[in-house]
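Peer 1: Got a structure for you, final_38.txt, holding compact mmCIF, C-alpha atoms.
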```
# COMPACT_ATOMS: atom_id res chain seq x y z
CA MET W 1 150.43 -43.98 86.12
CA GLN W 2 151.02 -40.63 87.72
CA ASP W 3 148.58 -37.80 88.23
CA VAL W 4 149.24 -34.68 86.16
CA PRO W 5 147.18 -31.56 86.86
CA GLU W 6 144.35 -30.90 84.40
CA GLU W 7 145.25 -33.84 82.12
CA PRO W 8 144.27 -37.50 82.56
CA THR W 9 147.08 -40.02 82.59
CA ILE W 10 145.24 -43.14 81.47
CA ARG W 11 147.15 -44.84 78.69
CA ASN W 12 145.78 -45.91 75.35
CA ASP W 13 146.59 -49.20 73.67
CA ASP W 14 149.74 -47.85 72.02
CA GLU W 15 151.15 -47.26 75.54
CA ARG W 16 151.04 -43.48 75.04
CA ASP W 17 149.64 -41.06 77.58
CA VAL W 18 146.32 -39.62 76.51
CA ARG W 19 147.74 -36.17 77.18
CA ASP W 20 150.08 -36.76 74.17
CA VAL W 21 147.09 -36.65 71.81
CA PRO W 22 146.90 -33.14 70.31
CA ASP W 23 143.97 -31.00 71.30
CA ALA W 24 141.90 -28.90 68.93
CA THR W 25 144.14 -25.84 69.25
CA GLU W 26 147.31 -27.80 68.56
CA SER W 27 145.59 -29.47 65.61
CA THR W 28 144.69 -26.14 64.11
CA VAL W 29 148.26 -24.93 64.33
CA ALA W 30 149.61 -28.17 62.86
CA ALA W 31 147.16 -28.14 60.00
CA GLY W 32 148.07 -24.60 59.02
CA ALA W 33 151.81 -24.93 59.52
CA SER W 34 152.76 -26.37 56.14
CA GLU W 35 153.70 -23.93 53.38
CA PRO W 36 152.33 -24.40 49.85
CA THR W 37 154.86 -25.58 47.31
CA GLU W 38 155.34 -23.85 43.97
CA ALA W 39 153.44 -25.43 41.11
CA THR W 40 152.01 -24.58 37.72
CA GLY W 41 148.82 -25.41 35.81
CA GLU W 42 146.63 -28.06 37.39
CA GLY W 43 149.09 -28.60 40.23
CA ALA W 44 148.96 -24.92 41.11
CA GLY W 45 145.16 -25.06 41.17
CA LYS W 46 145.17 -28.01 43.54
CA ALA W 47 147.75 -26.33 45.74
CA ALA W 48 145.68 -23.16 45.86
CA GLU W 49 142.56 -25.14 46.78
CA ALA W 50 144.41 -27.04 49.50
CA ASP W 51 145.77 -23.78 50.89
CA ARG W 52 142.38 -22.08 51.18
CA PRO W 53 141.63 -21.10 54.82
CA GLU W 54 138.54 -23.31 54.79
CA ALA W 55 140.57 -26.29 53.56
CA ARG W 56 143.19 -25.84 56.28
CA LEU W 57 140.44 -25.48 58.86
CA GLU W 58 138.77 -28.62 57.52
CA ARG W 59 142.01 -30.55 58.01
CA ALA W 60 142.31 -29.17 61.53
CA VAL W 61 138.79 -30.38 62.35
CA ARG W 62 139.56 -33.88 61.05
CA VAL W 63 142.76 -34.08 63.12
CA ALA W 64 140.92 -32.83 66.22
CA GLU W 65 138.11 -35.37 65.66
CA GLN W 66 140.53 -38.27 65.47
CA ALA W 67 142.42 -37.02 68.53
CA LEU W 68 139.19 -36.85 70.51
CA ILE W 69 138.13 -40.31 69.39
CA GLU W 70 141.47 -41.80 70.51
CA PHE W 71 141.04 -40.02 73.84
CA GLU W 72 137.53 -41.42 74.26
CA ILE W 73 138.70 -44.94 73.37
CA ALA W 74 141.33 -44.76 76.11
CA LEU W 75 138.80 -43.37 78.58
CA GLU W 76 136.12 -45.95 77.77
CA THR W 77 138.52 -48.90 77.99
CA PHE W 78 139.66 -47.65 81.40
CA ARG W 79 136.06 -47.13 82.55
CA ILE W 80 135.21 -50.70 81.59
CA GLU W 81 138.25 -51.99 83.46
CA VAL W 82 137.20 -50.02 86.55
CA GLU W 83 133.66 -51.44 86.41
CA ASN W 84 134.87 -54.99 85.73
CA PHE W 85 137.41 -54.76 88.54
CA SER W 86 134.70 -53.53 90.91
CA ARG W 87 132.34 -56.39 89.99
CA LEU W 88 135.02 -59.08 90.19
CA HIS W 89 136.38 -57.62 93.43
CA HIS W 90 132.90 -57.94 94.95
CA GLN W 91 132.26 -61.42 93.55
CA ARG W 92 135.60 -62.99 94.42
CA LEU W 93 136.61 -61.15 97.58
CA GLY W 94 133.26 -60.25 99.14
CA PRO W 95 132.95 -63.59 100.98
CA MET W 96 136.46 -63.22 102.40
CA TYR W 97 135.71 -59.74 103.74
CA ALA W 98 132.49 -61.08 105.27
CA ARG W 99 134.43 -63.92 106.92
CA LEU W 100 136.94 -61.46 108.35
CA ASP W 101 134.10 -59.34 109.80
CA GLU W 102 132.56 -62.44 111.37
CA LEU W 103 135.88 -63.54 112.89
CA ASP W 104 136.52 -60.03 114.26
CA ALA W 105 133.11 -60.12 115.94
CA MET W 106 133.70 -63.59 117.38
CA ILE W 107 137.15 -62.57 118.70
CA ALA W 108 135.72 -59.44 120.33
CA GLU W 109 132.89 -61.46 121.89
CA ALA W 110 135.32 -64.06 123.21
CA ARG W 111 137.47 -61.37 124.81
CA ALA W 112 134.42 -59.71 126.37
CA ALA W 113 133.20 -63.05 127.75
CA ARG W 114 136.59 -63.62 129.37
CA SER W 115 137.03 -60.16 130.86
CA GLY W 116 133.50 -58.91 131.45
CA ASP W 117 134.95 -55.44 131.02
CA PRO W 118 132.33 -52.86 129.86
CA GLU W 119 134.75 -51.50 127.25
CA ASP W 120 135.29 -55.01 125.84
CA LEU W 121 131.53 -55.55 125.80
CA ARG W 122 131.06 -52.30 123.90
CA LYS W 123 133.69 -53.29 121.32
CA ALA W 124 132.03 -56.69 120.93
CA ARG W 125 128.66 -55.08 120.19
CA GLU W 126 130.25 -52.73 117.64
CA ALA W 127 132.09 -55.61 115.94
CA ARG W 128 128.90 -57.66 115.74
CA ALA W 129 127.03 -54.70 114.26
CA MET W 130 129.63 -54.54 111.46
CA VAL W 131 128.86 -58.09 110.33
CA GLN W 132 125.41 -57.36 108.94
CA PRO W 133 124.92 -53.58 108.81
CA MET W 134 121.63 -52.19 107.61
CA PRO W 135 122.22 -51.30 103.93
CA GLY W 136 121.39 -47.86 102.65
CA VAL W 137 119.45 -47.18 99.45
CA GLU W 138 122.62 -46.63 97.43
CA GLU W 139 124.10 -49.92 98.65
CA LEU W 140 120.91 -51.80 97.84
CA PHE W 141 121.09 -50.68 94.22
CA HIS W 142 124.88 -50.62 93.82
CA ASP W 143 125.08 -53.96 92.00
CA TRP W 144 122.12 -53.08 89.79
CA LEU W 145 123.48 -49.88 88.31
CA ASP W 146 126.60 -48.82 86.45
CA SER W 147 127.55 -45.80 84.33
CA ASP W 148 125.32 -47.05 81.47
CA GLY W 149 122.25 -47.61 83.65
CA LEU W 150 121.23 -51.16 84.55
CA SER W 151 124.21 -53.47 84.91
CA PRO W 152 124.37 -56.51 82.58
CA GLU W 153 123.53 -58.76 85.54
CA ALA W 154 120.44 -56.73 86.44
CA ALA W 155 119.26 -56.48 82.84
CA ALA W 156 119.67 -60.23 82.41
CA MET W 157 117.62 -60.93 85.54
CA LEU W 158 114.80 -58.63 84.42
CA THR W 159 114.64 -60.09 80.92
CA GLY W 160 115.08 -63.72 81.93
CA GLN W 161 118.42 -64.02 80.14
CA PRO W 162 121.41 -65.86 81.62
CA VAL W 163 123.76 -63.66 83.63
CA ARG W 164 127.14 -63.16 81.93
CA PRO W 165 129.49 -61.33 84.30
CA PRO W 166 132.98 -60.44 83.07
CA LYS W 167 135.57 -63.21 83.36
CA ARG W 168 138.53 -60.86 83.53
CA VAL W 169 139.19 -57.25 84.46
CA ARG W 170 140.78 -56.52 81.09
CA PRO W 171 139.32 -58.10 77.93
CA SER W 172 141.71 -60.00 75.67
CA ASP W 173 144.10 -58.28 73.26
CA GLU W 174 141.98 -59.39 70.29
CA ALA W 175 138.81 -58.01 71.86
CA ARG W 176 140.61 -54.74 72.53
CA ARG W 177 141.80 -54.57 68.90
CA ILE W 178 138.32 -55.18 67.47
CA TYR W 179 136.80 -52.73 69.92
CA ARG W 180 139.20 -49.93 68.99
CA GLU W 181 138.54 -50.39 65.28
CA LEU W 182 134.76 -50.40 65.76
CA VAL W 183 134.85 -47.22 67.83
CA ARG W 184 137.07 -45.45 65.32
CA LYS W 185 134.66 -46.29 62.49
CA ALA W 186 131.32 -45.82 64.25
CA HIS W 187 132.00 -43.03 66.73
CA PRO W 188 129.04 -40.61 67.09
CA ASP W 189 131.37 -37.60 66.86
CA LEU W 190 131.80 -38.41 63.16
CA ALA W 191 128.08 -38.02 62.49
CA ARG W 192 126.86 -34.97 60.56
CA ASP W 193 123.17 -35.12 61.49
CA ASP W 194 121.01 -36.22 64.41
CA THR W 195 119.70 -39.36 62.70
CA GLU W 196 123.19 -40.65 61.98
CA ARG W 197 124.36 -39.76 65.49
CA ALA W 198 121.46 -41.71 67.03
CA ARG W 199 122.29 -44.76 64.89
CA ARG W 200 125.94 -44.63 65.91
CA GLU W 201 125.15 -44.14 69.61
CA GLU W 202 122.82 -47.15 69.65
CA PHE W 203 125.42 -49.27 67.87
CA LEU W 204 128.25 -48.26 70.21
CA THR W 205 126.10 -49.02 73.25
CA ARG W 206 126.04 -52.64 72.08
CA VAL W 207 129.75 -52.55 71.24
CA ASN W 208 130.61 -51.31 74.74
CA ALA W 209 128.46 -54.00 76.37
CA ALA W 210 130.10 -56.76 74.32
CA TYR W 211 133.57 -55.41 75.04
CA GLY W 212 132.86 -55.12 78.76
CA ARG W 213 132.16 -58.86 78.83
CA GLY W 214 135.10 -59.64 76.57
CA ASP W 215 132.71 -61.26 74.07
CA GLU W 216 134.90 -61.65 70.97
CA PRO W 217 132.34 -63.56 68.84
CA LEU W 218 129.75 -60.83 69.37
CA LEU W 219 132.29 -58.13 68.56
CA GLU W 220 133.05 -59.94 65.29
CA GLU W 221 129.32 -60.00 64.51
CA LEU W 222 129.17 -56.26 65.16
CA VAL W 223 132.06 -55.71 62.74
CA ALA W 224 130.05 -57.46 60.03
CA GLU W 225 126.89 -55.56 60.97
CA TRP W 226 128.62 -52.20 60.66
CA ALA W 227 130.22 -53.14 57.34
CA ALA W 228 126.79 -54.09 55.97
CA GLY W 229 125.15 -50.90 57.24
CA PRO W 230 123.95 -47.95 55.13
CA ALA W 231 126.65 -46.11 53.22
CA LEU W 232 127.49 -42.81 54.81
CA LYS W 233 127.24 -39.59 52.86
CA ALA W 234 130.54 -37.92 52.16
CA PRO W 235 130.85 -34.87 54.41
CA ARG W 236 130.62 -31.62 52.47
CA LEU W 237 133.17 -28.85 52.92
CA SER W 238 131.85 -26.71 55.77
CA GLU W 239 131.95 -22.94 55.93
CA SER W 240 134.47 -21.27 58.24
CA GLU W 241 131.87 -20.43 60.90
CA GLU W 242 130.67 -24.02 61.09
CA LEU W 243 134.22 -25.39 61.24
CA TYR W 244 135.22 -23.03 64.03
CA ALA W 245 132.09 -24.04 65.95
CA ARG W 246 133.03 -27.68 65.42
CA LEU W 247 136.53 -27.09 66.80
CA GLU W 248 135.06 -25.30 69.80
CA TRP W 249 132.70 -28.22 70.47
CA LEU W 250 135.55 -30.72 70.21
CA SER W 251 137.63 -28.67 72.66
CA GLN W 252 134.78 -28.44 75.17
CA ARG W 253 134.11 -32.17 74.95
CA LYS W 254 137.81 -32.88 75.54
CA GLU W 255 137.70 -30.75 78.70
CA MET W 256 134.61 -32.59 79.95
CA LEU W 257 136.16 -35.99 79.29
CA THR W 258 139.34 -34.91 81.06
CA LEU W 259 137.28 -34.34 84.21
CA VAL W 260 135.60 -37.74 83.84
CA ALA W 261 138.99 -39.42 83.45
CA LYS W 262 140.33 -37.65 86.54
CA GLU W 263 137.35 -38.84 88.62
CA LEU W 264 137.89 -42.42 87.45
CA GLU W 265 141.59 -42.34 88.24
CA GLU W 266 141.03 -40.86 91.69
CA SER W 267 138.31 -43.35 92.65
CA ALA W 268 139.16 -46.20 95.03
CA ILE W 269 139.03 -48.81 92.26
CA GLY W 270 140.95 -46.57 89.86
CA ALA W 271 143.69 -46.16 92.45
CA MET W 272 143.87 -49.94 92.86
CA LEU W 273 144.16 -50.42 89.09
CA ARG W 274 147.06 -47.97 88.99
CA MET W 275 148.90 -50.34 91.33
CA ALA W 276 148.94 -53.01 88.60
CA PRO W 277 148.41 -51.35 85.20
CA ASP W 278 149.87 -54.29 83.26
CA ASP W 279 148.01 -57.17 84.96
CA PRO W 280 144.96 -56.10 87.01
CA ASP W 281 143.67 -59.69 87.17
CA ARG W 282 146.81 -60.71 89.02
CA LEU W 283 146.18 -57.93 91.53
CA LEU W 284 142.86 -59.56 92.46
CA GLU W 285 144.70 -62.84 93.07
CA GLU W 286 147.27 -61.12 95.28
CA ILE W 287 144.55 -59.41 97.35
CA ALA W 288 142.77 -62.77 97.71
CA GLU W 289 145.99 -64.38 98.97
CA GLN W 290 146.44 -61.60 101.53
CA LEU W 291 142.84 -61.97 102.72
CA LEU W 292 143.22 -65.74 103.08
CA ALA W 293 146.30 -65.18 105.22
CA GLU W 294 144.36 -62.71 107.38
CA VAL W 295 141.49 -65.19 107.75
CA ALA W 296 143.93 -67.90 108.86
CA GLY W 297 145.48 -65.54 111.39
CA ARG W 298 142.09 -64.55 112.83
CA GLU W 299 141.02 -68.19 113.11
CA THR W 300 144.22 -69.02 115.01
CA GLU W 301 143.64 -66.06 117.35
CA LEU W 302 140.03 -67.11 117.96
CA ALA W 303 141.05 -70.70 118.66
CA GLY W 304 143.43 -69.45 121.36
CA LEU W 305 140.71 -67.39 123.01
CA VAL W 306 138.06 -70.14 123.20
CA GLU W 307 140.31 -72.91 124.46
```
Rewrite the structure of this file - the entire thing - as structure tokens.

Peer 2:
Amino acid sequence: MQDVPEEPTIRNDDERDVRDVPDATESTVAAGASEPTEATGEGAGKAAEADRPEARLERAVRVAEQALIEFEIALETFRIEVENFSRLHHQRLGPMYARLDELDAMIAEARAARSGDPEDLRKAREARAMVQPMPGVEELFHDWLDSDGLSPEAAAMLTGQPVRPPKRVRPSDEARRIYRELVRKAHPDLARDDTERARREEFLTRVNAAYGRGDEPLLEELVAEWAAGPALKAPRLSESEELYARLEWLSQRKEMLTLVAKELEESAIGAMLRMAPDDPDRLLEEIAEQLLAEVAGRETELAGLVE
């Protein structure tokens, strides 16, 4: 992935750049571009109805809504990959980094003991201080919080439930397919009143949590739950003022999400994921292999110093 000014470059599941999804302005132009065909009688009446400014604007709103939903799906899947990668990076590689810090301290101390040089002694003290630094408040709570509040691990500990960390950075293809379909059907941006929006937001919170863990059985249960839910009222044809306001809201939300996507991509973990967009789990294995090689090299160096 490459950075493009003002547009995120995370890819959706059809391997298209998110920037290829039309924005609200483009949607409006597209919806109004077609010319009415000549017709008579009932056909002419339908054509006239379809060509009303409100009808064209209604179509533009629907196109813009679907474009925004696809954008949010791509953003949310990437956010989950970033969080899963961060957790797995800490779980799998944290002990190796700690071992490297310990070996660096032992090597520095061995050199200082041999030389007695004040500079070597200073370096040894600094290396030892790096092994167990005093954590700050943010570090203390890092593993307890994520972008949705309490992490699944923290919530499980507080409620007495078993901890279920993610097994992979990227959930399976089937989990991704189910997730995309659920989001497209239940997205809060499709709600037309506050009650319906609240219901959809609560439902998608559970969908996101299940997808983050790659829990296919639970996602299947959520598919059945949504299908059995209350029937939605058919949206009425809005007046021009309301439709224009809706398009403006969609455009503003797209701009906000673009900034969120840019922050994710430019984060340390996001940058690492861009190194292996097709197989992020393999990237963890490669980093682990590199760290093991570094540990072996440090141990050899230390052995030579203490002989």

Peer 1: Pick out the closest residue to Ser267 of chain W from this set: W:Glu255, W:Glu83, W:Glu54, W:Glu241. Count all atoms listed in the file.

Peer 2: W:Glu83

Peer 1: Could you list, as a ChimeraX atom specification, every residue within 9 Å of Asp279 of chain W, counting all atoms listed in the file and ignoring same-chain residues fewer than 4 positions away?

Peer 2: /W:169-170,273,283

Peer 1: Take the residues that were just selected and, keeping C-alpha atoms, output them as an mmCIF file, in the coordinates of the input.

Peer 2:
```cif
data_model
loop_
_atom_site.group_PDB
_atom_site.id
_atom_site.type_symbol
_atom_site.label_atom_id
_atom_site.label_comp_id
_atom_site.auth_asym_id
_atom_site.auth_seq_id
_atom_site.Cartn_x
_atom_site.Cartn_y
_atom_site.Cartn_z
ATOM 1 C CA VAL W 169 139.190 -57.250 84.460
ATOM 2 C CA ARG W 170 140.780 -56.520 81.090
ATOM 3 C CA LEU W 273 144.160 -50.420 89.090
ATOM 4 C CA LEU W 283 146.180 -57.930 91.530
#
```

Peer 1: Measure the distance from atom CA of Leu68 of chain W to atom CA of Arg168 of chain W in Å and round it to one decimal.

Peer 2: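 Between atom CA of Leu68 of chain W and atom CA of Arg168 of chain W the gap works out to 27.3 Å.
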
Peer 1: Taking only C-alpha atoms into account, which of W:Ile73, W:Ala245, W:Ala227, W:Leu302 comes nearest Arg184 of chain W?

Peer 2: W:Ile73

Peer 1: For Arg200 of chain W, which of W:Trp249, W:Trp226, W:Phe85, W:Tyr179 is the closest residue, counting only C-alpha atoms?

Peer 2: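 Under the stated criterion, the closest residue is W:Trp226.
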
Peer 1: Ranking W:Ala288, W:Ala296, W:Ala110, W:Ala74 by minimum distance to Arg125 of chain W and counting all atoms listed in the file, which one comes first?

Peer 2: W:Ala110

Peer 1: Within 12 Å of Ile178 of chain W, counting all atoms listed in the file, which residues qualify if same-chain residues fewer than 2 places away don't, as a PDB file with C-alpha atoms, keeping the file's coordinate frame?

Peer 2:
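Saved to around_35.pdb:
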```
ATOM      1  CA  ASP W  13     146.590 -49.200  73.670  1.00  0.00           C
ATOM      2  CA  ILE W  73     138.700 -44.940  73.370  1.00  0.00           C
ATOM      3  CA  PRO W 171     139.320 -58.100  77.930  1.00  0.00           C
ATOM      4  CA  SER W 172     141.710 -60.000  75.670  1.00  0.00           C
ATOM      5  CA  ASP W 173     144.100 -58.280  73.260  1.00  0.00           C
ATOM      6  CA  GLU W 174     141.980 -59.390  70.290  1.00  0.00           C
ATOM      7  CA  ALA W 175     138.810 -58.010  71.860  1.00  0.00           C
ATOM      8  CA  ARG W 176     140.610 -54.740  72.530  1.00  0.00           C
ATOM      9  CA  ARG W 180     139.200 -49.930  68.990  1.00  0.00           C
ATOM     10  CA  GLU W 181     138.540 -50.390  65.280  1.00  0.00           C
ATOM     11  CA  LEU W 182     134.760 -50.400  65.760  1.00  0.00           C
ATOM     12  CA  VAL W 183     134.850 -47.220  67.830  1.00  0.00           C
ATOM     13  CA  ARG W 184     137.070 -45.450  65.320  1.00  0.00           C
ATOM     14  CA  LYS W 185     134.660 -46.290  62.490  1.00  0.00           C
ATOM     15  CA  VAL W 207     129.750 -52.550  71.240  1.00  0.00           C
ATOM     16  CA  ASN W 208     130.610 -51.310  74.740  1.00  0.00           C
ATOM     17  CA  ALA W 210     130.100 -56.760  74.320  1.00  0.00           C
ATOM     18  CA  TYR W 211     133.570 -55.410  75.040  1.00  0.00           C
ATOM     19  CA  GLY W 214     135.100 -59.640  76.570  1.00  0.00           C
ATOM     20  CA  ASP W 215     132.710 -61.260  74.070  1.00  0.00           C
ATOM     21  CA  GLU W 216     134.900 -61.650  70.970  1.00  0.00           C
ATOM     22  CA  PRO W 217     132.340 -63.560  68.840  1.00  0.00           C
ATOM     23  CA  LEU W 218     129.750 -60.830  69.370  1.00  0.00           C
ATOM     24  CA  LEU W 219     132.290 -58.130  68.560  1.00  0.00           C
ATOM     25  CA  GLU W 220     133.050 -59.940  65.290  1.00  0.00           C
ATOM     26  CA  GLU W 221     129.320 -60.000  64.510  1.00  0.00           C
ATOM     27  CA  LEU W 222     129.170 -56.260  65.160  1.00  0.00           C
ATOM     28  CA  VAL W 223     132.060 -55.710  62.740  1.00  0.00           C
ATOM     29  CA  ALA W 224     130.050 -57.460  60.030  1.00  0.00           C
TER      30      ALA W 224
END
```

Peer 1: For the atom pair atom CA of Ala293 of chain W and atom CA of Ser115 of chain W, what is the interatomic distance in Å to one decimal place?

Peer 2: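 Going from atom CA of Ala293 of chain W over to atom CA of Ser115 of chain W, I get 27.7 Å.
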